[in-house]
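To start, the structure under review is shown below, and the notes come after it.
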There are 2 protein chains.
Amino acid sequence: MEQPIGIIDSGVGGLTVVKEVMRQLPRETIYYVGDTARCPYGPRPVHEVKKYTWQMTRFLLKKNIKMLVIACNTATAVVLDEIREHVKIPVFGVIYPGARAALKNTRNYKIGVLGTIGTIKSQAYVTALKSINKDVEVISLACPKFVPLVESGEYDSPIAKRVVAETLTEMKQTSIDTLILGCTHYPLLQESIKNVMGSHIRIISSGEETAREISTLLYFHDRFNMNETVIPKHRFFTTGSKKIFSKIACDWLKKDDLPVETIYLGEE
Amino acid sequence: MEQPIGIIDSGVGGLTVVKEVMRQLPRETIYYVGDTARCPYGPRPVHEVKKYTWQMTRFLLKKNIKMLVIACNTATAVVLDEIREHVKIPVFGVIYPGARAALKNTRNYKIGVLGTIGTIKSQAYVTALKSINKDVEVISLACPKFVPLVESGEYDSPIAKRVVAETLTEMKQTSIDTLILGCTHYPLLQESIKNVMGSHIRIISSGEETAREISTLLYFHDRFNMNETVIPKHRFFTTGSKKIFSKIACDWLKKDDLPVETIYLGEE
């Protein structure tokens with residue numbers, strides 16, 4: 001199946017999933033929507049997150065995607081099950097892949113989760129982890145300052161390092177052996193997070209794990225692109241500034257140029 | 001769904017999958033068949049491997065399993081697709097999970113594969129890896145001496161260490177960064193393999209990766225056991241010596257006792 005995989009996010013965070021899909025599944029075409037104009041979703045009420053996520057979903061369904069990935073933890077937490085019920089193609093969130101990877105990795109069954117206020121409040125990771133292993137201990141931490149750092153392109157700055165260190169002070173004092181980056185923006189801060197937490201803590205990135213599971217599901221649903229001659233023509237859609245989006249996307253995906261289009265999905 | 005997951009293997013090797021399913025999915029019940037009387041499958045002709053694998057499959061289907069895992073690389077290579085076509089429950093092999101994990105891990109796209117003569121001859125890993133990323137370089141090595149070492153319980157002996165070192169001499173000289181243990185028996189030799197190859201090589205164990213993907217598929221097919229009060233009652237069936245099977249299984253799964261039953265599936 002040569003149709004594209006659709007990936008949606010509240011902004012640029014989902015590009016961490018895109019990067020890994022490109023690396024792990026180089027034959028697949030990606031259509032990406034980043035709702036940067038209305039980012040972040042984390043602090044928004046549930047009904048808004050639902051509405052915006054459905055708008056992105058409908059936009060991509062019209063473009064004949066073969067699979068949908070909700071590459072935003074906040075949106076996954078509030079609307080994944082609903083979209084999955086109503087849509088015929090396989091729909092994927094980023095919470096369970098991270099949860100499964102953490103449960104595979106942990107040896108002391110103490111797992112940390114970093115996320116937006118929306119994700120942490122929803123208890124989506126706690127629910128996912130405990131639905132598989134009820135004896136696991138989960139320590140959650142909302143990090144509302146992280147997404148704005150990434151969306152503004154500040155993720156490499158000294159300010160970012162300081163904010164990360166301050167935010168993680170308490171998490172560092174726990175005895176977790178595995179830490180889930182429960183927001184697709186956070187891998188852009190991964191180096192800083194790793195430096196603060198120490199190398200003995202295994203950091204789980206939603207992006208890598210989701211790409212791996214996309215591969216599993218494409219295989220089981222016979223949806224791989226088997227045509228070797230196709231060169232993927234990815235497309236990127238943003239509801240916000242094409243310039244900022246391009247800059248971050250090119251930087252993160254290590255490309256000189258990317259086909260970015262601005263789209264309008266609805267009111268701010 | 002409280003029904004058991006069926007796991008079949010030519011002998012005790014599939015216990016490496018069992019161990020990881022117990023750890024990663026503690027709520028799931030496992031029915032295991034080890035065809036120890038006719039092990040190893042590696043050097044056997046295709047028609048025999050097919051026949052024996054179908055016999056184990058039918059035995060477990062009668063016991064109302066909700067998913068089947070062919071935890072033997074040789075059997076996966078020759079008969080997975082056929083069984084998947086004819087059986088209504090999800091059927092799982094161990095080759096693609098290992099391949100996907102290797103592709104996620106590798107950075108230089110040079111991947112080593114160790115397997116039985118049957119698995120290596122079938123080119124199943126080369127096919128799986130290249131179907132996802134055609135540019136990957138695969139270096140395969142048949143290790144016919146490994147399975148007998150494990151099945152005889154010799155995996156911790158000085159002989160095992162010597163055999164592993166001799167077998168891997170050439171593989172050690174390659175520039176792979178990832179090594180797939182393409183036989184579920186090999187994780188019992190993992191320490192020796194790691195010592196020979198060095199800690200810079202990431203070793204991928206089919207068992208761990210398959211358990212992770214079983215978790216993914218149970219979730220996507222709504223087949224998790226959601227009943228928290230059920231205590232899994234695993235069952236183990238062997239076509240060979242109950243005593244040897246019990247000894248290895250208890251040792252490997254770190255249990256004092258396990259419910260092992262001897263069964264007859266057909267002629268040697």
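Chain identifiers are assigned as A, B, and so on, following the order in which chains appear in the structure tokens; residues are numbered from 1 within each chain, and ligands are numbered from 1 in order of appearance.
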Please return as number ranges by chain: the residues of range 162-236 of chain A that backbone DSSP assigns to alpha helix (DSSP H). A: 162-167, 169-172, 190-197, 206-220
Compute the set of chain B residues within 6 Å of chain A, using only C-alpha atoms, and express it as JSON, numbers by chain. {"B": [24, 103, 104]}
Would you write out those residues with N, CA and C atoms, as a short mmCIF file (atom, residue, chain, number, x, y, z; two decimals), in the first residue's frame?
data_model
loop_
_atom_site.label_atom_id
_atom_site.label_comp_id
_atom_site.auth_asym_id
_atom_site.auth_seq_id
_atom_site.Cartn_x
_atom_site.Cartn_y
_atom_site.Cartn_z
N GLN B 24 6.35 -9.11 31.29
CA GLN B 24 5.74 -7.91 30.71
C GLN B 24 4.21 -7.93 30.75
N LEU B 103 16.18 -2.86 13.57
CA LEU B 103 16.11 -1.66 12.72
C LEU B 103 15.91 -0.40 13.57
N LYS B 104 15.25 -0.55 14.70
CA LYS B 104 15.10 0.59 15.60
C LYS B 104 16.44 0.92 16.25
#
Identify all residues of range 17-247 of chain B in strand (DSSP E or B) (DSSP on the backbone) and supply them as a ChimeraX atom specification. /B:30-34,67-70,91-92,110-115,137-142,178-181,202-205,235-238
Go ahead and save the residues from that selection, with C-alpha atoms, as an mmCIF file, in the first residue's frame.
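The result, written out as selection_7.cif:
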data_model
loop_
_atom_site.group_PDB
_atom_site.id
_atom_site.type_symbol
_atom_site.label_atom_id
_atom_site.label_comp_id
_atom_site.auth_asym_id
_atom_site.auth_seq_id
_atom_site.Cartn_x
_atom_site.Cartn_y
_atom_site.Cartn_z
ATOM 1 C CA ILE B 30 0.254 -19.190 28.949
ATOM 2 C CA TYR B 31 -0.105 -22.678 27.483
ATOM 3 C CA TYR B 32 3.263 -23.850 26.187
ATOM 4 C CA VAL B 33 4.151 -26.800 23.985
ATOM 5 C CA GLY B 34 7.788 -27.856 23.605
ATOM 6 C CA MET B 67 -3.463 -16.019 20.236
ATOM 7 C CA LEU B 68 -0.721 -18.295 18.916
ATOM 8 C CA VAL B 69 2.982 -17.542 19.132
ATOM 9 C CA ILE B 70 5.377 -19.638 17.081
ATOM 10 C CA VAL B 91 -0.692 -15.766 14.870
ATOM 11 C CA PHE B 92 2.691 -14.444 15.744
ATOM 12 C CA LYS B 110 24.923 -3.340 9.693
ATOM 13 C CA ILE B 111 23.068 -6.096 11.473
ATOM 14 C CA GLY B 112 24.284 -9.567 12.409
ATOM 15 C CA VAL B 113 21.971 -12.571 12.673
ATOM 16 C CA LEU B 114 22.709 -15.837 14.470
ATOM 17 C CA GLY B 115 20.385 -18.770 13.787
ATOM 18 C CA GLU B 137 23.519 -4.895 5.401
ATOM 19 C CA VAL B 138 22.892 -8.295 6.976
ATOM 20 C CA ILE B 139 25.620 -10.696 8.059
ATOM 21 C CA SER B 140 24.215 -14.130 8.866
ATOM 22 C CA LEU B 141 25.822 -17.028 10.679
ATOM 23 C CA ALA B 142 24.447 -20.513 11.287
ATOM 24 C CA THR B 178 23.402 -4.897 16.383
ATOM 25 C CA LEU B 179 23.199 -8.683 16.689
ATOM 26 C CA ILE B 180 19.925 -10.591 16.496
ATOM 27 C CA LEU B 181 19.704 -13.832 18.428
ATOM 28 C CA ARG B 202 23.475 -4.376 21.118
ATOM 29 C CA ILE B 203 22.072 -7.868 21.381
ATOM 30 C CA ILE B 204 18.437 -8.303 20.366
ATOM 31 C CA SER B 205 16.577 -11.179 21.974
ATOM 32 C CA ARG B 235 0.423 -25.141 31.642
ATOM 33 C CA PHE B 236 3.470 -26.691 30.041
ATOM 34 C CA PHE B 237 3.351 -29.618 27.627
ATOM 35 C CA THR B 238 6.394 -31.524 26.406
#
Need the shell around range 74-81 of chain A: protein/DNA/RNA residues with any atom at most 9 Å away, counting only C-alpha atoms. Skip same-chain ones fewer than 3 positions apart. Format as a CSV table (one decimal) with N, CA and C atoms, in the first residue's frame?
chain,number,residue,atom,x,y,z
A,9,ASP,N,-0.4,16.4,15.2
A,9,ASP,CA,0.1,16.9,16.5
A,9,ASP,C,-0.4,18.3,16.8
A,10,SER,N,-0.3,18.7,18.0
A,10,SER,CA,-0.7,20.1,18.4
A,10,SER,C,0.4,21.1,17.8
A,41,TYR,N,-1.8,22.2,23.4
A,41,TYR,CA,-3.1,21.6,23.7
A,41,TYR,C,-3.2,21.4,25.2
A,42,GLY,N,-2.0,21.1,25.8
A,42,GLY,CA,-1.9,20.7,27.2
A,42,GLY,C,-2.9,21.4,28.2
A,46,VAL,N,-11.0,19.9,27.6
A,46,VAL,CA,-11.2,18.6,26.8
A,46,VAL,C,-11.9,18.9,25.5
A,47,HIS,N,-13.0,19.6,25.5
A,47,HIS,CA,-13.8,19.8,24.3
A,47,HIS,C,-13.1,20.4,23.2
A,49,VAL,N,-9.7,20.3,22.8
A,49,VAL,CA,-8.7,19.3,22.2
A,49,VAL,C,-9.4,18.3,21.3
A,50,LYS,N,-10.6,17.9,21.7
A,50,LYS,CA,-11.4,16.9,20.9
A,50,LYS,C,-11.7,17.6,19.5
A,52,TYR,N,-10.3,20.1,17.9
A,52,TYR,CA,-9.1,20.4,17.0
A,52,TYR,C,-8.6,19.1,16.5
A,53,THR,N,-8.5,18.1,17.3
A,53,THR,CA,-8.0,16.8,16.8
A,53,THR,C,-8.8,16.2,15.7
A,54,TRP,N,-10.2,16.3,15.9
A,54,TRP,CA,-11.1,15.8,14.8
A,54,TRP,C,-10.9,16.6,13.5
A,70,ILE,N,-1.9,9.7,16.2
A,70,ILE,CA,-2.1,10.9,17.0
A,70,ILE,C,-0.8,11.0,17.8
A,71,ALA,N,0.1,11.9,17.3
A,71,ALA,CA,1.4,12.0,17.9
A,71,ALA,C,1.5,13.0,19.0
A,84,ARG,N,-10.8,6.2,17.2
A,84,ARG,CA,-10.7,4.8,16.8
A,84,ARG,C,-12.0,4.1,16.5
A,85,GLU,N,-13.0,4.5,17.3
A,85,GLU,CA,-14.4,3.9,17.1
A,85,GLU,C,-15.0,4.3,15.8
A,86,HIS,N,-14.7,5.5,15.3
A,86,HIS,CA,-15.4,6.1,14.2
A,86,HIS,C,-14.7,6.0,12.9
A,91,VAL,N,-5.9,3.4,13.9
A,91,VAL,CA,-5.6,4.6,14.6
A,91,VAL,C,-4.7,4.3,15.8
A,92,PHE,N,-3.7,5.1,15.9
A,92,PHE,CA,-2.6,4.9,16.8
A,92,PHE,C,-2.4,6.0,17.7
A,93,GLY,N,-2.2,5.8,19.0
A,93,GLY,CA,-1.8,6.9,19.9
A,93,GLY,C,-0.4,6.7,20.4
A,94,VAL,N,0.1,7.6,21.2
A,94,VAL,CA,1.5,7.5,21.6
A,94,VAL,C,1.7,7.1,23.0
A,95,ILE,N,0.5,6.9,23.7
A,95,ILE,CA,0.6,6.5,25.2
A,95,ILE,C,1.0,5.1,25.4
A,115,GLY,N,4.9,14.9,31.5
A,115,GLY,CA,3.9,15.2,30.5
A,115,GLY,C,3.3,16.6,30.7
A,116,THR,N,2.4,17.0,29.8
A,116,THR,CA,1.8,18.3,30.0
A,116,THR,C,0.7,18.2,31.1
A,117,ILE,N,0.2,19.3,31.5
A,117,ILE,CA,-0.8,19.3,32.6
A,117,ILE,C,-2.0,18.4,32.2
A,118,GLY,N,-2.4,18.5,30.9
A,118,GLY,CA,-3.6,17.8,30.4
A,118,GLY,C,-3.3,16.3,30.5
A,119,THR,N,-2.1,15.8,30.0
A,119,THR,CA,-1.8,14.4,30.0
A,119,THR,C,-1.7,13.9,31.4
A,120,ILE,N,-1.0,14.6,32.3
A,120,ILE,CA,-0.8,14.1,33.7
A,120,ILE,C,-2.2,14.0,34.4
A,122,SER,N,-5.1,13.6,33.1
A,122,SER,CA,-5.9,12.6,32.6
A,122,SER,C,-5.6,11.2,33.1
A,123,GLN,N,-4.4,11.1,33.8
A,123,GLN,CA,-3.9,9.8,34.3
A,123,GLN,C,-3.8,8.7,33.3
A,124,ALA,N,-3.6,9.2,32.0
A,124,ALA,CA,-3.6,8.2,30.9
A,124,ALA,C,-2.5,7.2,31.0
A,125,TYR,N,-1.3,7.7,31.4
A,125,TYR,CA,-0.2,6.7,31.6
A,125,TYR,C,-0.4,5.8,32.7
A,183,CYS,N,5.4,13.2,26.2
A,183,CYS,CA,5.0,14.3,25.4
A,183,CYS,C,5.9,14.3,24.2
Rounded to one decimal place, report the CA of Thr184 in chain A-CA of Leu15 in chain A distance in Å.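 Taking CA of Thr184 in chain A and CA of Leu15 in chain A, their separation equals 7.8 Å.
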Counting only C-alpha atoms, what is within 12 Å of Trp252 in chain B, bar same-chain residues fewer than 3 positions away, as a list of chain:residue names? B:Val12, B:Gly13, B:Gly14, B:Leu15, B:Thr16, B:Val17, B:Val18, B:Lys19, B:Glu20, B:Val150, B:Gly153, B:Tyr155, B:Asp156, B:His185, B:Pro187, B:Leu188, B:Leu189, B:Phe245, B:Ser246, B:Lys247, B:Ile248, B:Ala249, B:Lys255, B:Asp256, B:Asp257, B:Leu258
Write to file, as a short mmCIF file (atom, residue, chain, number, x, y, z; two decimals), in the first residue's frame, the residues of the selection just made, with C-alpha atoms.
data_model
loop_
_atom_site.label_atom_id
_atom_site.label_comp_id
_atom_site.auth_asym_id
_atom_site.auth_seq_id
_atom_site.Cartn_x
_atom_site.Cartn_y
_atom_site.Cartn_z
CA VAL B 12 12.75 -25.36 25.54
CA GLY B 13 13.92 -22.32 23.54
CA GLY B 14 10.49 -20.73 23.50
CA LEU B 15 10.69 -20.47 27.28
CA THR B 16 12.66 -17.28 26.67
CA VAL B 17 9.44 -15.88 25.18
CA VAL B 18 7.40 -17.32 28.08
CA LYS B 19 9.67 -15.64 30.61
CA GLU B 20 9.22 -12.24 29.00
CA VAL B 150 20.84 -25.52 25.57
CA GLY B 153 21.17 -28.09 29.97
CA TYR B 155 24.36 -23.60 28.58
CA ASP B 156 26.31 -22.47 31.63
CA HIS B 185 17.31 -20.92 22.49
CA PRO B 187 19.25 -16.05 25.06
CA LEU B 188 20.30 -18.84 27.42
CA LEU B 189 23.79 -18.36 25.93
CA PHE B 245 12.01 -30.10 30.65
CA SER B 246 11.03 -29.26 34.25
CA LYS B 247 14.63 -28.78 35.30
CA ILE B 248 15.41 -26.30 32.51
CA ALA B 249 12.04 -24.53 32.76
CA LYS B 255 10.35 -21.22 39.79
CA ASP B 256 10.50 -24.07 42.30
CA ASP B 257 7.87 -26.09 40.54
CA LEU B 258 5.91 -25.96 37.29
#
Using only C-alpha atoms, which residues sit within 9 Å of Leu60 in chain A once same-chain residues fewer than 2 positions away are excluded, as a PyMOL selection string? chain A and resi 6-8+31-33+55-58+62-65+68
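Straight-line separation from CA of Glu166 in chain A to CA of Thr127 in chain A: 27.2 Å.
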Here CA of Arg223 in chain B and CA of Glu82 in chain B stand apart by 22.6 Å
Test item: residues at most 10 Å from His200 in chain B, only C-alpha atoms, excluding those fewer than 6 positions along its chain, as a PDB file with N, CA and C atoms, in the first residue's frame:
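Okay, this is what ended up in selection_5.pdb:
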ATOM      1  N   ILE B 176      29.308  -4.861  12.517  1.00  0.00           N
ATOM      2  CA  ILE B 176      27.906  -4.745  12.926  1.00  0.00           C
ATOM      3  C   ILE B 176      27.802  -3.963  14.240  1.00  0.00           C
ATOM      4  N   ASP B 177      26.646  -3.276  14.441  1.00  0.00           N
ATOM      5  CA  ASP B 177      26.412  -2.639  15.751  1.00  0.00           C
ATOM      6  C   ASP B 177      25.247  -3.292  16.490  1.00  0.00           C
ATOM      7  N   THR B 178      24.575  -4.247  15.817  1.00  0.00           N
ATOM      8  CA  THR B 178      23.402  -4.897  16.383  1.00  0.00           C
ATOM      9  C   THR B 178      23.440  -6.372  15.997  1.00  0.00           C
ATOM     10  N   LYS B 194      27.624 -12.182  24.700  1.00  0.00           N
ATOM     11  CA  LYS B 194      27.941 -10.800  25.040  1.00  0.00           C
ATOM     12  C   LYS B 194      29.440 -10.654  25.354  1.00  0.00           C
TER      13      LYS B 194
END
Do you know which residues are at most 12 Å from Val164 in chain A counting only C-alpha atoms, after dropping those on the same chain fewer than 5 positions away, and could you put them as a PDB file with N, CA and C atoms, in the first residue's frame?
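Wrote it out as result27.pdb, contents follow:
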ATOM      1  N   LEU A 114       6.797  12.087  32.523  1.00  0.00           N
ATOM      2  CA  LEU A 114       6.735  13.538  32.356  1.00  0.00           C
ATOM      3  C   LEU A 114       5.693  13.840  31.288  1.00  0.00           C
ATOM      4  N   ALA A 142       3.913  16.938  35.902  1.00  0.00           N
ATOM      5  CA  ALA A 142       3.533  17.849  34.820  1.00  0.00           C
ATOM      6  C   ALA A 142       4.653  18.871  34.614  1.00  0.00           C
ATOM      7  N   CYS A 143       4.997  19.116  33.359  1.00  0.00           N
ATOM      8  CA  CYS A 143       6.107  20.030  33.037  1.00  0.00           C
ATOM      9  C   CYS A 143       5.609  21.111  32.070  1.00  0.00           C
ATOM     10  N   PRO A 144       4.742  22.007  32.538  1.00  0.00           N
ATOM     11  CA  PRO A 144       4.097  22.963  31.625  1.00  0.00           C
ATOM     12  C   PRO A 144       5.068  23.897  30.911  1.00  0.00           C
ATOM     13  N   LYS A 145       6.279  24.014  31.435  1.00  0.00           N
ATOM     14  CA  LYS A 145       7.212  24.947  30.782  1.00  0.00           C
ATOM     15  C   LYS A 145       7.945  24.336  29.581  1.00  0.00           C
ATOM     16  N   PHE A 146       7.853  23.019  29.408  1.00  0.00           N
ATOM     17  CA  PHE A 146       8.667  22.364  28.372  1.00  0.00           C
ATOM     18  C   PHE A 146       8.191  22.650  26.939  1.00  0.00           C
ATOM     19  N   VAL A 147       6.871  22.526  26.684  1.00  0.00           N
ATOM     20  CA  VAL A 147       6.390  22.683  25.307  1.00  0.00           C
ATOM     21  C   VAL A 147       6.698  24.072  24.739  1.00  0.00           C
ATOM     22  N   LEU A 149       9.097  26.014  25.369  1.00  0.00           N
ATOM     23  CA  LEU A 149      10.532  26.061  25.045  1.00  0.00           C
ATOM     24  C   LEU A 149      10.803  25.460  23.670  1.00  0.00           C
ATOM     25  N   VAL A 150      10.143  24.344  23.411  1.00  0.00           N
ATOM     26  CA  VAL A 150      10.381  23.648  22.141  1.00  0.00           C
ATOM     27  C   VAL A 150       9.736  24.399  20.989  1.00  0.00           C
ATOM     28  N   TYR A 155      14.973  25.032  22.487  1.00  0.00           N
ATOM     29  CA  TYR A 155      15.274  23.782  23.203  1.00  0.00           C
ATOM     30  C   TYR A 155      16.761  23.531  23.467  1.00  0.00           C
ATOM     31  N   ASP A 156      17.607  24.249  22.754  1.00  0.00           N
ATOM     32  CA  ASP A 156      19.052  24.043  22.945  1.00  0.00           C
ATOM     33  C   ASP A 156      19.704  25.122  23.817  1.00  0.00           C
ATOM     34  N   SER A 157      18.923  26.061  24.274  1.00  0.00           N
ATOM     35  CA  SER A 157      19.473  27.240  24.953  1.00  0.00           C
ATOM     36  C   SER A 157      19.809  26.966  26.418  1.00  0.00           C
ATOM     37  N   PRO A 158      20.642  27.834  27.032  1.00  0.00           N
ATOM     38  CA  PRO A 158      20.930  27.696  28.464  1.00  0.00           C
ATOM     39  C   PRO A 158      19.663  27.821  29.316  1.00  0.00           C
ATOM     40  N   ILE A 159      18.691  28.630  28.857  1.00  0.00           N
ATOM     41  CA  ILE A 159      17.425  28.747  29.598  1.00  0.00           C
ATOM     42  C   ILE A 159      16.766  27.381  29.685  1.00  0.00           C
ATOM     43  N   THR A 169      13.840  18.502  39.698  1.00  0.00           N
ATOM     44  CA  THR A 169      14.461  18.353  41.030  1.00  0.00           C
ATOM     45  C   THR A 169      13.862  17.198  41.838  1.00  0.00           C
ATOM     46  N   GLU A 170      12.533  17.171  41.929  1.00  0.00           N
ATOM     47  CA  GLU A 170      11.899  16.132  42.755  1.00  0.00           C
ATOM     48  C   GLU A 170      11.970  14.750  42.116  1.00  0.00           C
ATOM     49  N   MET A 171      11.787  14.709  40.792  1.00  0.00           N
ATOM     50  CA  MET A 171      11.826  13.415  40.095  1.00  0.00           C
ATOM     51  C   MET A 171      13.187  12.743  40.290  1.00  0.00           C
ATOM     52  N   LYS A 172      14.218  13.569  40.342  1.00  0.00           N
ATOM     53  CA  LYS A 172      15.578  13.046  40.493  1.00  0.00           C
ATOM     54  C   LYS A 172      15.768  12.336  41.834  1.00  0.00           C
ATOM     55  N   TYR A 186       9.109  16.472  24.101  1.00  0.00           N
ATOM     56  CA  TYR A 186      10.213  16.366  25.056  1.00  0.00           C
ATOM     57  C   TYR A 186      11.514  15.752  24.514  1.00  0.00           C
ATOM     58  N   LEU A 188      13.134  16.629  22.165  1.00  0.00           N
ATOM     59  CA  LEU A 188      14.022  17.733  21.784  1.00  0.00           C
ATOM     60  C   LEU A 188      14.773  18.272  22.994  1.00  0.00           C
ATOM     61  N   LEU A 189      14.293  17.931  24.182  1.00  0.00           N
ATOM     62  CA  LEU A 189      14.984  18.322  25.419  1.00  0.00           C
ATOM     63  C   LEU A 189      15.710  17.128  26.042  1.00  0.00           C
ATOM     64  N   GLN A 190      15.798  16.037  25.282  1.00  0.00           N
ATOM     65  CA  GLN A 190      16.282  14.772  25.852  1.00  0.00           C
ATOM     66  C   GLN A 190      17.692  14.870  26.444  1.00  0.00           C
ATOM     67  N   GLU A 191      18.569  15.583  25.766  1.00  0.00           N
ATOM     68  CA  GLU A 191      19.950  15.691  26.281  1.00  0.00           C
ATOM     69  C   GLU A 191      19.970  16.340  27.663  1.00  0.00           C
ATOM     70  N   SER A 192      19.218  17.436  27.795  1.00  0.00           N
ATOM     71  CA  SER A 192      19.147  18.122  29.093  1.00  0.00           C
ATOM     72  C   SER A 192      18.521  17.215  30.148  1.00  0.00           C
ATOM     73  N   ILE A 193      17.474  16.515  29.775  1.00  0.00           N
ATOM     74  CA  ILE A 193      16.780  15.627  30.726  1.00  0.00           C
ATOM     75  C   ILE A 193      17.730  14.517  31.172  1.00  0.00           C
ATOM     76  N   LYS A 194      18.473  13.973  30.232  1.00  0.00           N
ATOM     77  CA  LYS A 194      19.433  12.894  30.515  1.00  0.00           C
ATOM     78  C   LYS A 194      20.530  13.392  31.458  1.00  0.00           C
ATOM     79  N   ASN A 195      21.020  14.570  31.184  1.00  0.00           N
ATOM     80  CA  ASN A 195      22.073  15.135  32.044  1.00  0.00           C
ATOM     81  C   ASN A 195      21.599  15.309  33.477  1.00  0.00           C
ATOM     82  N   VAL A 196      20.370  15.745  33.647  1.00  0.00           N
ATOM     83  CA  VAL A 196      19.842  15.949  34.994  1.00  0.00           C
ATOM     84  C   VAL A 196      19.594  14.608  35.689  1.00  0.00           C
ATOM     85  N   MET A 197      18.954  13.662  34.972  1.00  0.00           N
ATOM     86  CA  MET A 197      18.528  12.403  35.608  1.00  0.00           C
ATOM     87  C   MET A 197      19.677  11.417  35.801  1.00  0.00           C
TER      88      MET A 197
END
